[in-house]
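Asks: Just passing along the structure, written as structure tokens.
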Amino acid sequence: ISPPITSIRNSRIIEDQRPKMFIVGQKDGVVPPVDLQRILDDARHPVRFREINGANHNFLGQAEEVAEQVICFLLKTLES
């Protein structure tokens with residue numbers, strides 16, 4: 001959830017073939033969604049990218065939506 005761009009660039013997660021999900025706020029000033037998406041374009045799939053509308057880096061007021069996205073991802077991943 002809103003991982004620093006440098007932590008993704010310097011990580012093996014890009015090459016990892018396990019399912020991954022990244023969530024970022026639309027108005028995140030720390031982790032710009034476009035920058036994160038650009039890095040994830042090169043990631044090994046499966047990758048899910050979710051941008052939460054109107055959210056900033058702290059997801060104030062949107063924790064429930066983030067939780068729902070995570071739960072949905074986990075349920076789908078565990079079913080596979």
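Going by the structure tokens order, chains are called A, B, ..., each with residues numbered from 1, while ligands are numbered from 1 in the order shown.
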Give me, as a PDB file with C-alpha atoms, in the first residue's frame, the residues of segment 19-65 of chain A that a backbone DSSP run labels strand (DSSP E).
Replies:
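Output file result_21.pdb is given in full below:
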```pdb
ATOM      1  CA  LYS A  20       0.982  -9.021  -6.106  1.00  0.00           C
ATOM      2  CA  MET A  21      -1.273  -6.080  -5.389  1.00  0.00           C
ATOM      3  CA  PHE A  22      -0.321  -2.435  -5.152  1.00  0.00           C
ATOM      4  CA  ILE A  23      -2.680   0.250  -3.887  1.00  0.00           C
ATOM      5  CA  VAL A  24      -2.031   3.961  -4.201  1.00  0.00           C
ATOM      6  CA  GLY A  25      -4.094   7.079  -3.658  1.00  0.00           C
ATOM      7  CA  VAL A  47       0.080  -7.788 -10.736  1.00  0.00           C
ATOM      8  CA  ARG A  48      -2.980  -5.884  -9.578  1.00  0.00           C
ATOM      9  CA  PHE A  49      -2.815  -2.113  -9.408  1.00  0.00           C
ATOM     10  CA  ARG A  50      -5.563  -0.175  -7.670  1.00  0.00           C
ATOM     11  CA  GLU A  51      -5.796   3.592  -7.511  1.00  0.00           C
ATOM     12  CA  ILE A  52      -8.190   4.863  -4.839  1.00  0.00           C
TER      13      ILE A  52
END
```
Asks: Find the residues around segment 36-39 of chain A up to 9 Å (only C-alpha atoms counted), leave out those fewer than 2 positions away in its own chain, and share them as a list in words.
Replies: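 Final neighbour list, sorted by chain and number: Ser2, Pro3, Pro4, Ile5, Ile8, Arg9, Ile14, Phe22, Val24, Val31, Pro32, Pro33, Val34, Asp41, Asp42, Ala43 and Phe49 of chain A.
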Asks: So that I can check the surroundings of Pro19 of chain A, please list as a PyMOL selection string every protein, DNA and RNA residue that reaches within 12 Å of it, counting only C-alpha atoms and ignoring chain neighbours fewer than 4 positions away.
Replies: chain A and resi 13-15+43-49+73-78+80
Asks: Can you write just those residues out, C-alpha atoms, as a compact mmCIF listing (two decimals), in the first residue's frame?
Replies:
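After the write, again.txt holds the following:
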```txt
# COMPACT_ATOMS: atom_id res chain seq x y z
CA ILE A 13 9.39 -8.21 -6.23
CA ILE A 14 9.44 -7.06 -9.85
CA GLU A 15 10.73 -10.50 -10.87
CA ALA A 43 6.82 -6.37 -13.23
CA ARG A 44 6.27 -10.05 -13.70
CA HIS A 45 2.59 -10.89 -13.65
CA PRO A 46 0.19 -11.37 -11.99
CA VAL A 47 0.08 -7.79 -10.74
CA ARG A 48 -2.98 -5.88 -9.58
CA PHE A 49 -2.82 -2.11 -9.41
CA PHE A 73 -7.46 -9.68 -3.72
CA LEU A 74 -6.72 -12.22 -1.00
CA LEU A 75 -9.94 -14.15 -1.60
CA LYS A 76 -9.33 -14.33 -5.36
CA THR A 77 -5.70 -15.30 -4.85
CA LEU A 78 -6.50 -18.04 -2.36
CA SER A 80 -6.63 -19.98 -7.41
```
Asks: Name the closest residue to Gly29 of chain A among the candidates A:Glu68, A:Gly61, A:Gly54, A:Gln17; distances are taken between atoms, counting only C-alpha atoms.
Replies: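 Looking at the shortest contact to Gly29 of chain A, the residue is A:Gly54.
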Asks: Counting only C-alpha atoms, figure out which residue out of A:Asn58, A:Ser11, A:Arg18, A:Glu65 gets nearest to Val30 of chain A.
Replies: A:Asn58
Asks: Go through A:Ser7, A:Val70, A:Ile1, A:Asp35 and flag the residue nearest His57 of chain A, using only C-alpha atoms for the distances.
Replies: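 Distance minimum relative to His57 of chain A lands on A:Ile1.
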Asks: From a DSSP pass on the backbone, collect the residues of chain A flagged as helix (DSSP H, G or I) and hand them back as a PyMOL selection string.
Replies: chain A and resi 5-9+12-14+33-40+63-79
Asks: Could those selected residues go to a file with N, CA and C atoms, as a short mmCIF file (atom, residue, chain, number, x, y, z; two decimals), in the first residue's frame?
Replies:
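Saved file part-v2.cif follows:
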```cif
data_model
loop_
_atom_site.label_atom_id
_atom_site.label_comp_id
_atom_site.auth_asym_id
_atom_site.auth_seq_id
_atom_site.Cartn_x
_atom_site.Cartn_y
_atom_site.Cartn_z
N ILE A 5 8.67 4.36 -4.27
CA ILE A 5 9.13 3.94 -5.60
C ILE A 5 10.50 3.27 -5.53
N THR A 6 11.41 3.83 -4.73
CA THR A 6 12.76 3.25 -4.64
C THR A 6 12.73 1.85 -4.05
N SER A 7 11.79 1.58 -3.14
CA SER A 7 11.74 0.23 -2.56
C SER A 7 11.30 -0.79 -3.60
N ILE A 8 10.48 -0.38 -4.54
CA ILE A 8 10.05 -1.30 -5.61
C ILE A 8 11.19 -1.48 -6.61
N ARG A 9 11.81 -0.40 -6.99
CA ARG A 9 12.92 -0.47 -7.96
C ARG A 9 14.06 -1.34 -7.45
N ARG A 12 13.34 -7.39 -5.38
CA ARG A 12 13.16 -8.54 -6.29
C ARG A 12 11.69 -8.77 -6.61
N ILE A 13 10.82 -8.00 -6.02
CA ILE A 13 9.39 -8.21 -6.23
C ILE A 13 8.99 -8.06 -7.69
N ILE A 14 9.72 -7.26 -8.43
CA ILE A 14 9.44 -7.06 -9.85
C ILE A 14 9.56 -8.38 -10.62
N PRO A 33 0.79 7.97 -8.53
CA PRO A 33 0.25 6.78 -9.19
C PRO A 33 0.87 6.48 -10.55
N VAL A 34 1.13 7.51 -11.33
CA VAL A 34 1.71 7.30 -12.67
C VAL A 34 3.09 6.68 -12.56
N ASP A 35 3.88 7.14 -11.60
CA ASP A 35 5.23 6.59 -11.43
C ASP A 35 5.18 5.13 -10.98
N LEU A 36 4.29 4.83 -10.06
CA LEU A 36 4.17 3.44 -9.60
C LEU A 36 3.69 2.55 -10.74
N GLN A 37 2.71 2.99 -11.48
CA GLN A 37 2.20 2.20 -12.59
C GLN A 37 3.29 1.94 -13.63
N ARG A 38 4.09 2.94 -13.89
CA ARG A 38 5.18 2.80 -14.88
C ARG A 38 6.16 1.70 -14.45
N ILE A 39 6.49 1.65 -13.18
CA ILE A 39 7.40 0.62 -12.68
C ILE A 39 6.73 -0.76 -12.76
N LEU A 40 5.46 -0.81 -12.42
CA LEU A 40 4.75 -2.09 -12.42
C LEU A 40 4.51 -2.63 -13.82
N ALA A 63 -10.01 4.10 4.50
CA ALA A 63 -9.43 2.84 5.00
C ALA A 63 -10.33 1.66 4.68
N GLU A 64 -11.64 1.86 4.74
CA GLU A 64 -12.56 0.77 4.46
C GLU A 64 -12.44 0.32 3.00
N GLU A 65 -12.31 1.25 2.09
CA GLU A 65 -12.17 0.91 0.68
C GLU A 65 -10.86 0.15 0.44
N VAL A 66 -9.79 0.59 1.09
CA VAL A 66 -8.51 -0.10 0.96
C VAL A 66 -8.65 -1.53 1.49
N ALA A 67 -9.27 -1.67 2.65
CA ALA A 67 -9.46 -2.99 3.24
C ALA A 67 -10.28 -3.90 2.32
N GLU A 68 -11.32 -3.37 1.71
CA GLU A 68 -12.14 -4.15 0.79
C GLU A 68 -11.32 -4.63 -0.41
N GLN A 69 -10.48 -3.75 -0.93
CA GLN A 69 -9.63 -4.13 -2.06
C GLN A 69 -8.67 -5.26 -1.67
N VAL A 70 -8.09 -5.15 -0.49
CA VAL A 70 -7.14 -6.17 -0.02
C VAL A 70 -7.87 -7.50 0.20
N ILE A 71 -9.01 -7.45 0.84
CA ILE A 71 -9.78 -8.67 1.09
C ILE A 71 -10.16 -9.35 -0.22
N CYS A 72 -10.64 -8.58 -1.17
CA CYS A 72 -11.02 -9.12 -2.48
C CYS A 72 -9.82 -9.79 -3.15
N PHE A 73 -8.68 -9.12 -3.13
CA PHE A 73 -7.46 -9.68 -3.72
C PHE A 73 -7.08 -10.99 -3.04
N LEU A 74 -7.10 -11.01 -1.72
CA LEU A 74 -6.72 -12.22 -1.00
C LEU A 74 -7.68 -13.38 -1.29
N LEU A 75 -8.96 -13.10 -1.30
CA LEU A 75 -9.94 -14.15 -1.60
C LEU A 75 -9.74 -14.73 -2.99
N LYS A 76 -9.55 -13.87 -3.98
CA LYS A 76 -9.33 -14.33 -5.36
C LYS A 76 -8.03 -15.11 -5.48
N THR A 77 -7.01 -14.65 -4.78
CA THR A 77 -5.70 -15.30 -4.85
C THR A 77 -5.74 -16.67 -4.19
N LEU A 78 -6.42 -16.75 -3.07
CA LEU A 78 -6.50 -18.04 -2.36
C LEU A 78 -7.39 -19.05 -3.06
N GLU A 79 -8.33 -18.57 -3.87
CA GLU A 79 -9.19 -19.47 -4.64
C GLU A 79 -8.42 -20.14 -5.77
#
```
